[in-house]
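Quick look at model_35.cif (mmCIF, C-alpha atoms):
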data_query
#
loop_
_atom_site.label_atom_id
_atom_site.label_comp_id
_atom_site.auth_asym_id
_atom_site.auth_seq_id
_atom_site.Cartn_x
_atom_site.Cartn_y
_atom_site.Cartn_z
CA MET N 1063 5.01 25.63 16.29
CA ILE N 1064 6.75 24.58 13.06
CA VAL N 1065 5.65 26.42 9.92
CA THR N 1066 6.04 25.01 6.40
CA GLU N 1067 4.51 25.55 3.00
CA LEU N 1068 3.75 21.88 2.35
CA ALA N 1069 3.50 19.02 4.85
CA ILE N 1070 3.34 15.48 3.50
CA VAL N 1071 2.27 12.63 5.77
CA GLY N 1072 3.77 9.30 4.72
CA ALA N 1073 7.19 8.72 3.14
CA GLY N 1074 6.28 5.73 1.00
CA PRO N 1075 6.30 5.76 -2.81
CA ALA N 1076 3.43 8.28 -3.02
CA GLY N 1077 4.78 10.64 -0.36
CA LEU N 1078 8.34 10.57 -1.68
CA SER N 1079 7.19 11.21 -5.25
CA ALA N 1080 4.97 14.10 -4.11
CA SER N 1081 7.77 15.68 -2.09
CA ILE N 1082 10.24 15.42 -4.97
CA GLU N 1083 7.88 17.08 -7.46
CA ALA N 1084 7.00 19.88 -5.04
CA ARG N 1085 10.61 20.47 -4.02
CA ARG N 1086 11.73 20.59 -7.65
CA ALA N 1087 9.38 23.56 -7.93
CA ARG N 1088 11.18 25.13 -4.90
CA VAL N 1089 8.37 24.53 -2.40
CA ASP N 1090 9.42 24.28 1.25
CA VAL N 1091 8.53 20.64 2.04
CA LEU N 1092 8.32 18.75 5.33
CA LEU N 1093 7.90 14.99 4.91
CA ILE N 1094 6.74 13.09 8.01
CA ASP N 1095 6.77 9.32 8.54
CA GLU N 1096 6.23 7.19 11.63
CA ASN N 1097 8.87 4.62 10.65
CA ALA N 1098 12.60 4.62 11.34
CA ARG N 1099 13.41 4.89 7.63
CA PRO N 1100 11.56 6.30 4.64
CA GLY N 1101 10.54 4.30 1.57
CA GLY N 1102 7.46 2.45 2.79
CA GLN N 1103 6.69 -0.77 0.95
CA LEU N 1104 9.43 -0.28 -1.65
CA PHE N 1105 12.16 -1.63 0.62
CA LYS N 1106 10.24 -4.89 1.04
CA GLN N 1107 9.92 -5.37 -2.70
CA ILE N 1108 12.96 -7.27 -3.94
CA HIS N 1109 11.08 -8.42 -7.07
CA LYS N 1110 11.29 -6.50 -10.33
CA PHE N 1111 8.42 -4.28 -11.45
CA PHE N 1112 6.89 -5.09 -14.81
CA GLY N 1113 4.95 -3.14 -17.40
CA SER N 1114 6.62 -0.38 -19.38
CA ARG N 1115 9.99 1.27 -18.94
CA ALA N 1116 8.19 4.49 -17.99
CA HIS N 1117 6.70 2.61 -15.04
CA LYS N 1118 10.04 1.23 -13.78
CA ALA N 1119 9.71 -2.15 -15.48
CA GLY N 1120 12.68 -4.40 -14.77
CA ILE N 1121 13.72 -2.45 -11.67
CA ARG N 1122 13.42 -3.90 -8.18
CA GLY N 1123 11.30 -1.99 -5.69
CA ILE N 1124 14.20 -1.63 -3.28
CA ASN N 1125 16.26 0.05 -6.01
CA ILE N 1126 13.39 2.40 -6.87
CA GLY N 1127 13.17 3.35 -3.20
CA THR N 1128 16.91 3.95 -3.01
CA GLU N 1129 16.76 6.24 -6.04
CA LEU N 1130 13.83 8.23 -4.59
CA LEU N 1131 15.71 8.66 -1.31
CA ARG N 1132 18.85 9.81 -3.11
CA GLU N 1133 16.88 12.40 -5.05
CA SER N 1134 15.04 13.64 -1.96
CA GLU N 1135 18.36 14.12 -0.15
CA GLU N 1136 19.87 16.01 -3.07
CA LEU N 1137 16.84 18.32 -3.18
CA GLY N 1138 17.14 19.08 0.52
CA ILE N 1139 13.70 17.84 1.58
CA HIS N 1140 13.17 18.02 5.34
CA ILE N 1141 12.25 14.55 6.63
CA TRP N 1142 10.96 13.74 10.08
CA LEU N 1143 11.20 10.04 10.88
CA LYS N 1144 9.61 8.36 13.90
CA GLY N 1145 6.98 11.08 13.68
CA GLU N 1146 3.39 9.98 14.22
CA VAL N 1147 0.70 12.39 13.08
CA CYS N 1148 -2.05 11.97 15.66
CA GLY N 1149 -4.41 14.75 14.70
CA ILE N 1150 -5.31 17.40 12.17
CA GLU N 1151 -7.38 20.54 12.68
CA ASN N 1152 -8.50 23.56 10.70
CA GLY N 1153 -7.18 21.91 7.55
CA HIS N 1154 -3.68 23.24 8.28
CA ASN N 1155 -2.40 22.12 11.70
CA LEU N 1156 -0.88 18.68 12.25
CA TRP N 1157 -0.30 17.27 15.73
CA VAL N 1158 2.89 15.21 15.58
CA VAL N 1159 4.45 12.98 18.24
CA ARG N 1160 8.19 12.66 17.58
CA ASP N 1161 10.43 9.92 18.95
CA ARG N 1162 7.55 8.93 21.25
CA ASN N 1163 8.51 11.54 23.83
CA ARG N 1164 7.72 15.00 22.49
CA SER N 1165 5.01 16.64 20.45
CA GLU N 1166 5.03 19.33 17.81
CA ILE N 1167 2.38 21.33 15.99
CA VAL N 1168 3.09 21.74 12.29
CA LYS N 1169 1.24 24.54 10.50
CA ALA N 1170 1.21 24.00 6.74
CA LYS N 1171 -0.33 25.99 3.90
CA LYS N 1172 -1.01 22.74 2.02
CA ILE N 1173 -1.12 19.11 3.19
CA ILE N 1174 -0.75 15.88 1.23
CA LEU N 1175 -1.95 12.71 2.96
CA ALA N 1176 -0.04 9.68 1.65
CA THR N 1177 -0.71 7.44 4.62
CA GLY N 1178 -0.92 4.10 2.79
CA ALA N 1179 -2.90 1.11 3.99
CA THR N 1180 -3.05 -1.59 6.63
CA GLU N 1181 -3.37 -5.35 6.19
CA ASN N 1182 -6.73 -7.05 6.67
CA ALA N 1183 -7.05 -9.81 9.22
CA VAL N 1184 -9.08 -13.02 8.98
CA THR N 1185 -10.30 -14.63 12.19
CA PHE N 1186 -10.54 -18.37 12.88
CA PRO N 1187 -10.00 -20.49 15.99
CA GLY N 1188 -6.28 -20.18 16.75
CA TRP N 1189 -5.77 -17.00 14.73
CA ASP N 1190 -4.21 -15.34 17.81
CA LEU N 1191 -1.45 -17.94 18.12
CA PRO N 1192 2.16 -16.80 17.58
CA GLY N 1193 2.98 -17.63 13.98
CA VAL N 1194 -0.16 -16.11 12.45
CA MET N 1195 0.73 -12.82 10.74
CA GLY N 1196 0.05 -10.61 7.77
CA ALA N 1197 1.95 -11.40 4.59
CA GLY N 1198 3.40 -7.89 4.71
CA ALA N 1199 4.78 -8.56 8.19
CA ALA N 1200 6.46 -11.72 6.93
CA GLN N 1201 7.87 -9.77 3.98
CA THR N 1202 9.30 -7.17 6.35
CA MET N 1203 10.91 -9.88 8.46
CA ILE N 1204 12.68 -11.60 5.57
CA ASN N 1205 13.53 -8.68 3.29
CA VAL N 1206 14.22 -5.91 5.78
CA ASN N 1207 15.13 -7.58 9.07
CA ARG N 1208 16.58 -10.81 7.58
CA VAL N 1209 14.60 -12.99 9.98
CA LEU N 1210 12.77 -16.12 8.82
CA PRO N 1211 9.28 -16.08 10.38
CA GLY N 1212 8.89 -19.86 10.19
CA ARG N 1213 9.96 -23.04 8.43
CA LYS N 1214 6.63 -24.37 7.11
CA VAL N 1215 4.25 -21.68 5.89
CA ILE N 1216 0.64 -21.67 4.71
CA MET N 1217 -0.35 -18.63 2.65
CA LEU N 1218 -4.00 -17.58 2.76
CA GLY N 1219 -4.72 -15.50 -0.34
CA SER N 1220 -3.52 -15.97 -3.92
CA GLY N 1221 -3.42 -12.33 -5.03
CA ASN N 1222 -0.18 -10.68 -6.05
CA VAL N 1223 0.89 -10.07 -2.46
CA GLY N 1224 0.25 -13.70 -1.52
CA VAL N 1225 2.15 -15.30 -4.38
CA ILE N 1226 5.01 -12.76 -4.36
CA VAL N 1227 5.59 -13.18 -0.63
CA ALA N 1228 5.23 -16.96 -0.94
CA TYR N 1229 8.02 -17.01 -3.51
CA GLN N 1230 10.19 -14.72 -1.42
CA LEU N 1231 9.68 -16.96 1.62
CA MET N 1232 10.96 -19.87 -0.43
CA GLN N 1233 13.95 -17.80 -1.51
CA ALA N 1234 14.63 -17.14 2.17
CA GLY N 1235 14.63 -20.86 2.97
CA ALA N 1236 11.10 -21.58 4.12
CA GLU N 1237 8.82 -24.31 2.77
CA VAL N 1238 5.48 -23.02 1.51
CA VAL N 1239 3.13 -25.89 2.34
CA ALA N 1240 0.18 -24.51 0.38
CA VAL N 1241 -1.46 -21.38 -1.01
CA LEU N 1242 -5.17 -21.18 -0.21
CA GLU N 1243 -7.76 -19.11 -2.07
CA ALA N 1244 -11.37 -18.73 -0.94
CA ALA N 1245 -12.51 -17.78 -4.45
CA PRO N 1246 -12.88 -20.45 -7.15
CA VAL N 1247 -10.09 -18.84 -9.22
CA LEU N 1248 -6.59 -17.61 -8.42
CA GLY N 1249 -6.18 -13.88 -7.96
CA GLY N 1250 -2.55 -13.07 -8.80
CA TYR N 1251 -0.88 -12.25 -12.10
CA GLY N 1252 0.18 -15.38 -13.96
CA VAL N 1253 3.85 -14.42 -13.99
CA HIS N 1254 3.95 -14.51 -10.18
CA THR N 1255 1.65 -17.51 -9.72
CA ALA N 1256 3.61 -19.60 -12.23
CA LYS N 1257 6.88 -19.19 -10.33
CA VAL N 1258 5.32 -20.55 -7.16
CA SER N 1259 3.55 -23.36 -8.99
CA ARG N 1260 6.73 -24.43 -10.79
CA ALA N 1261 8.41 -24.76 -7.40
CA GLY N 1262 5.88 -27.46 -6.52
CA VAL N 1263 3.64 -25.51 -4.16
CA PRO N 1264 0.03 -26.77 -4.25
CA PHE N 1265 -2.78 -24.25 -4.75
CA TYR N 1266 -6.18 -24.88 -3.16
CA VAL N 1267 -8.96 -22.79 -4.69
CA SER N 1268 -12.33 -22.60 -2.90
CA HIS N 1269 -10.52 -23.34 0.36
CA THR N 1270 -9.90 -21.50 3.60
CA ILE N 1271 -8.49 -22.10 7.08
CA LYS N 1272 -10.92 -23.69 9.51
CA ARG N 1273 -8.64 -23.59 12.54
CA ALA N 1274 -5.01 -23.45 13.64
CA PHE N 1275 -3.66 -25.81 16.31
CA GLY N 1276 -0.85 -25.29 18.77
CA THR N 1277 0.08 -24.71 22.39
CA ASN N 1278 2.50 -21.80 22.35
CA HIS N 1279 2.66 -21.34 18.57
CA VAL N 1280 1.13 -22.69 15.37
CA GLU N 1281 1.82 -26.42 14.97
CA ALA N 1282 -0.80 -27.46 12.39
CA VAL N 1283 -3.62 -25.99 10.33
CA GLU N 1284 -6.97 -27.47 9.36
CA ILE N 1285 -8.21 -26.35 5.95
CA VAL N 1286 -11.67 -26.84 4.47
CA GLU N 1287 -13.33 -26.56 1.08
CA LEU N 1288 -15.93 -23.84 0.40
CA ASP N 1289 -19.08 -24.02 -1.70
CA ASN N 1290 -20.28 -21.38 -4.18
CA SER N 1291 -21.69 -19.35 -1.28
CA PHE N 1292 -18.34 -19.49 0.58
CA LYS N 1293 -19.77 -21.80 3.22
CA GLN N 1294 -17.63 -24.61 4.60
CA ILE N 1295 -18.34 -28.08 3.22
CA LEU N 1296 -18.34 -30.58 6.08
CA GLY N 1297 -16.22 -33.66 5.46
CA THR N 1298 -13.65 -31.88 3.27
CA GLU N 1299 -11.30 -30.95 6.11
CA GLN N 1300 -7.56 -31.68 5.85
CA ILE N 1301 -4.79 -31.22 8.41
CA LEU N 1302 -1.53 -29.67 7.19
CA ASP N 1303 1.68 -29.44 9.20
CA ALA N 1304 2.75 -25.81 9.51
CA ASP N 1305 4.35 -23.42 11.99
CA THR N 1306 3.37 -20.18 10.26
CA VAL N 1307 0.23 -18.77 8.65
CA CYS N 1308 0.49 -15.69 6.43
CA LEU N 1309 -2.65 -13.70 5.68
CA ALA N 1310 -2.68 -12.04 2.25
CA THR N 1311 -6.33 -11.10 2.47
CA GLY N 1312 -6.34 -7.54 1.21
CA LEU N 1313 -5.63 -4.05 2.47
CA THR N 1314 -7.69 -1.23 3.96
CA PRO N 1315 -6.72 2.40 3.24
CA LEU N 1316 -5.53 4.38 6.27
CA THR N 1317 -7.99 7.26 6.07
CA GLU N 1318 -8.27 8.40 9.70
CA LEU N 1319 -6.60 11.75 9.14
CA ALA N 1320 -8.85 12.50 6.17
CA TRP N 1321 -11.89 11.75 8.35
CA LEU N 1322 -10.56 14.04 11.09
CA ALA N 1323 -9.95 16.79 8.53
CA GLY N 1324 -13.60 16.65 7.44
CA CYS N 1325 -13.02 15.33 3.93
CA LYS N 1326 -16.08 13.88 2.21
CA PHE N 1327 -16.01 10.16 1.44
CA ASN N 1328 -17.53 7.61 -0.88
CA PHE N 1329 -17.71 3.84 -0.38
CA VAL N 1330 -15.92 1.87 -3.12
CA PRO N 1331 -15.45 -1.80 -2.11
CA ALA N 1332 -13.27 -2.61 -5.13
CA LEU N 1333 -10.68 -0.09 -3.95
CA GLY N 1334 -10.73 -0.93 -0.26
CA GLY N 1335 -13.78 0.69 1.31
CA HIS N 1336 -14.46 4.28 2.38
CA LEU N 1337 -12.24 6.65 0.40
CA PRO N 1338 -11.85 10.45 0.29
CA ILE N 1339 -13.50 12.02 -2.74
CA HIS N 1340 -10.91 13.83 -4.84
CA ASP N 1341 -10.53 15.48 -8.23
CA ASP N 1342 -8.08 14.75 -11.04
CA LYS N 1343 -5.44 16.85 -9.23
CA MET N 1344 -5.74 14.59 -6.13
CA HIS N 1345 -7.42 17.51 -4.32
CA THR N 1346 -9.95 16.46 -1.65
CA THR N 1347 -13.13 18.31 -0.71
CA GLN N 1348 -11.08 20.22 1.87
CA PRO N 1349 -9.54 23.30 0.20
CA ASP N 1350 -5.90 22.71 1.17
CA ILE N 1351 -5.66 18.93 1.49
CA PHE N 1352 -4.54 16.48 -1.20
CA ILE N 1353 -4.22 12.69 -1.10
CA ALA N 1354 -2.06 10.18 -2.97
CA GLY N 1355 -1.41 6.44 -2.99
CA ASP N 1356 -3.40 3.76 -1.19
CA ILE N 1357 -5.44 6.28 0.81
CA SER N 1358 -7.15 7.07 -2.50
CA GLY N 1359 -7.75 3.37 -3.27
CA ILE N 1360 -5.67 0.19 -3.12
CA GLU N 1361 -3.52 -0.21 -6.22
CA GLU N 1362 0.16 -0.74 -7.11
CA ALA N 1363 3.31 1.13 -6.08
CA SER N 1364 3.66 2.44 -9.65
CA THR N 1365 0.21 4.01 -9.41
CA ALA N 1366 1.00 5.46 -5.99
CA MET N 1367 4.09 7.19 -7.37
CA GLU N 1368 2.13 8.73 -10.23
CA GLU N 1369 -0.59 9.96 -7.87
CA GLY N 1370 2.10 11.40 -5.62
CA ARG N 1371 3.50 13.32 -8.58
CA LEU N 1372 0.01 14.66 -9.34
CA ALA N 1373 -0.48 15.87 -5.78
CA GLY N 1374 2.98 17.42 -5.56
CA ILE N 1375 2.67 19.30 -8.85
CA ASN N 1376 -0.79 20.67 -8.11
CA ALA N 1377 0.05 21.63 -4.54
CA ALA N 1378 3.03 23.56 -5.94
CA GLN N 1379 0.71 25.24 -8.45
CA GLU N 1380 -1.70 26.35 -5.73
CA LEU N 1381 1.25 27.71 -3.74
CA GLY N 1382 2.23 29.84 -6.71
CA TYR N 1383 5.37 27.99 -7.84
CA ILE N 1384 3.98 26.52 -11.07
CA SER N 1385 1.68 28.21 -13.56
CA GLU N 1386 -1.79 26.80 -14.17
CA ASP N 1387 -0.90 26.04 -17.79
CA GLU N 1388 2.25 24.12 -16.87
CA ALA N 1389 0.45 22.22 -14.11
CA LYS N 1390 -2.32 21.24 -16.53
CA ILE N 1391 0.14 19.98 -19.16
CA ARG N 1392 1.99 17.90 -16.59
CA THR N 1393 -1.23 16.67 -14.97
CA ASP N 1394 -2.60 15.52 -18.33
CA ALA N 1395 0.67 13.68 -19.10
CA ILE N 1396 0.56 11.87 -15.75
CA TRP N 1397 -3.06 10.89 -16.32
CA ASP N 1398 -2.06 9.38 -19.65
CA SER N 1399 0.50 7.34 -17.74
CA LEU N 1400 -2.04 6.34 -15.07
CA ASN N 1401 -4.56 5.26 -17.66
CA SER N 1402 -1.87 3.14 -19.28
CA LEU N 1403 -1.13 1.51 -15.93
CA ARG N 1404 -4.84 0.81 -15.50
CA SER N 1405 -5.28 -0.70 -18.96
CA GLY N 1406 -6.44 -4.28 -19.44
CA TYR N 1407 -9.33 -6.12 -17.82
CA PHE N 1408 -8.35 -5.63 -14.17
CA GLY N 1409 -7.14 -2.12 -14.87
CA GLN N 1410 -10.44 -1.15 -16.47
CA LYS N 1411 -12.29 -2.26 -13.35
CA ARG N 1412 -9.96 -0.02 -11.34
CA ARG N 1413 -10.65 2.89 -13.67
CA ASP N 1414 -14.39 2.36 -13.39
CA SER N 1415 -14.12 2.22 -9.59
CA LYS N 1416 -11.99 5.35 -9.51
CA ASP N 1417 -14.80 7.26 -11.21
CA LEU N 1418 -16.81 6.84 -8.01
CA ILE N 1419 -14.36 8.98 -6.02
CA LEU N 1420 -13.28 11.42 -8.72
CA GLN N 1421 -15.04 14.77 -8.76
CA ASN N 1422 -14.84 17.61 -11.29
CA GLY N 1423 -12.94 15.89 -14.03
CA LYS N 1424 -13.35 12.16 -14.48
CA ARG N 1425 -10.61 10.45 -16.38
#
Full structure transcribed into structure tokens:
Amino acid sequence: MIVTELAIVGAGPAGLSASIEARRARVDVLLIDENARPGGQLFKQIHKFFGSRAHKAGIRGINIGTELLRESEELGIHIWLKGEVCGIENGHNLWVVRDRNRSEIVKAKKIILATGATENAVTFPGWDLPGVMGAGAAQTMINVNRVLPGRKVIMLGSGNVGVIVAYQLMQAGAEVVAVLEAAPVLGGYGVHTAKVSRAGVPFYVSHTIKRAFGTNHVEAVEIVELDNSFKQILGTEQILDADTVCLATGLTPLTELAWLAGCKFNFVPALGGHLPIHDDKMHTTQPDIFIAGDISGIEEASTAMEEGRLAGINAAQELGYISEDEAKIRTDAIWDSLNSLRSGYFGQKRRDSKDLILQNGKR
């Protein structure tokens, strides 16, 4: 059995930020991730963040990830890669499979779950053909593995992920045949959508994929218009030549470990579905378990990093490394930053949704 003061599951932006804050306070930290390298989504993100300087505006995600890794190494954080956490019991014990051939039990005084999210799938005839994939998978192929997933791509979903990945596919040499959006309006920020539009990519609002054709892989896609009830309008079908379909149709928080731990949940569709209830310190209803990042609701990497900082600081406080007064001052400052990130029309909706899973201290 491995014993540590703080175990953090997930080495993405939330987990890394949590581990850095806790380790700065001299907490013994073990950071566990199932991937071969830490950093999560940051190493896919070659675009620059925007917003304020405090929120890494003007810095590419890959560079933010590199900086977090450098700091974690300098602080001496223990990192287990290729470690899959398969179970959790008694609120303290983690069952970890390492390198796919051995298992360990990790006993931790405090646990932070920063497990992220998984891509949503959309089914249609032909959706199981090679060439149909999540937009995140395509982004990993081009930005991490340097492999072009296809030459002629249709993107389903016009949110930020859809338009950002569409533009990056073009940068990698692919042709984006079209961006489809089931809703009557586009979903991404204008700065991202405009870049794709200026490149000549057509956008089809109130459209979806009716079917994909092909023998051994995608060869063509039939699209169809939708009415106000999202029902297909017969006679509006079009056939588009394509060898790849990317699905940017939302994310679902990875909450399995929180369920296993007995955390209480609330259902918040705007943030991705069933989410662990937590307070303004990112503390769940289980006494020694915190959460941070997409497991607490689907938002941006900047938000995930701030939530990670909250969890790391308050876990350190409960372990006796930071005074209550200092933790409160730092928590309040981070909440000011989070509220700034969530400002504006879309941000306000996020803040309102967050109130449904915040307990003992709404912000």
Q: Please provide as a ChimeraX atom specification all residues within 9 Å of Glu1318 of chain N, with the sequence filter that same-chain residues fewer than 4 positions apart are discarded (counting all atoms listed in the file).
A: /N:1149,1322-1323
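We find atom CA of Gln1230 of chain N and atom CA of Thr1255 of chain N to be spaced 12.2 Å apart.
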**Q.** Spatial neighbours of Val1286 of chain N, 8 Å, only C-alpha atoms, chain gap at least 3 places, as a ChimeraX atom specification
**A.** /N:1269-1272,1294-1296,1298-1300
(Q) Around (-6.5, 14.7, -0.6), as given in the file, which residues come within 9 Å? Count all atoms listed in the file and list them as a list in words. (A) Ile1173, Ile1174, Leu1175, Ala1176, Ala1320, Cys1325, Pro1338, Ile1339, His1340, Asp1341, Lys1343, Met1344, His1345, Thr1346, Thr1347, Gln1348, Asp1350, Ile1351, Phe1352, Ile1353, Ala1354, Ile1357, Ser1358 and Ala1373 of chain N
Q: Determine, counting only C-alpha atoms, which protein, DNA and RNA residues have an atom within 7 Å of an atom of Thr1314 of chain N; residues of the same chain fewer than 5 positions away are not included. Present the result as a ChimeraX atom specification.
A: /N:1179-1182,1334-1335
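Using the PyMOL selection byres ((chain N and resi 1307) around 8) on this structure selects Gly1193, Val1194, Met1195, Val1215, Ile1216, Met1217, Leu1218, Val1280, Ala1304, Asp1305, Thr1306, Cys1308 and Leu1309 of chain N.
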Q: List, as a PyMOL selection string, every residue that the PyMOL selection byres ((chain N and resi 1378) around 12) selects in the file provided.
A: chain N and resi 1067-1069+1080-1091+1171-1174+1343+1350+1352+1371-1377+1379-1386+1388-1389
Q) So which residues touch Asn1163 of chain N within 12 Å, counting all atoms listed in the file, skipping near sequence neighbours fewer than 5 positions away, as a list in words? A)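 My reading of the contact set: Lys1144, Gly1145, Glu1146 and Val1158 of chain N.
Each of N:Pro1246, N:Ala1240, N:Phe1275, N:Ile1396 was compared to Ala1261 of chain N using only C-alpha atoms, and N:Ala1240 turns out to be the nearest.
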Q: Kindly indicate which residue among N:Gly1178, N:Gly1262, N:Pro1100, N:Gly1250 lies nearest to Leu1313 of chain N, using all atoms listed in the file for the distances.
A: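 Of N:Gly1178, N:Gly1262, N:Pro1100, N:Gly1250, the one nearest Leu1313 of chain N is N:Gly1178, counting all atoms listed in the file.
If you count only C-alpha atoms and ignore residues fewer than 2 places along the chain from Glu1166 of chain N, what sits within 7 Å of it is Met1063, Trp1157, Val1158, Val1159, Arg1164 and Val1168 of chain N.
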Q | Target residues per the PyMOL selection byres ((chain N and resi 1095-1097) around 12), formatted as a PyMOL selection string | A | chain N and resi 1069-1075+1077-1078+1092-1094+1098-1103+1140-1148+1158-1162+1175-1178
Q.
One number please: atom CA of Asn1155 of chain N to atom CA of Lys1390 of chain N, in Å, one decimal.
A.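 Distance reported for this atom pair: 28.2 Å.
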Q | Proximity to Asn1278 of chain N - best of N:Ser1134, N:Leu1400, N:Leu1191, N:Thr1128, all atoms listed in the file | A | N:Leu1191
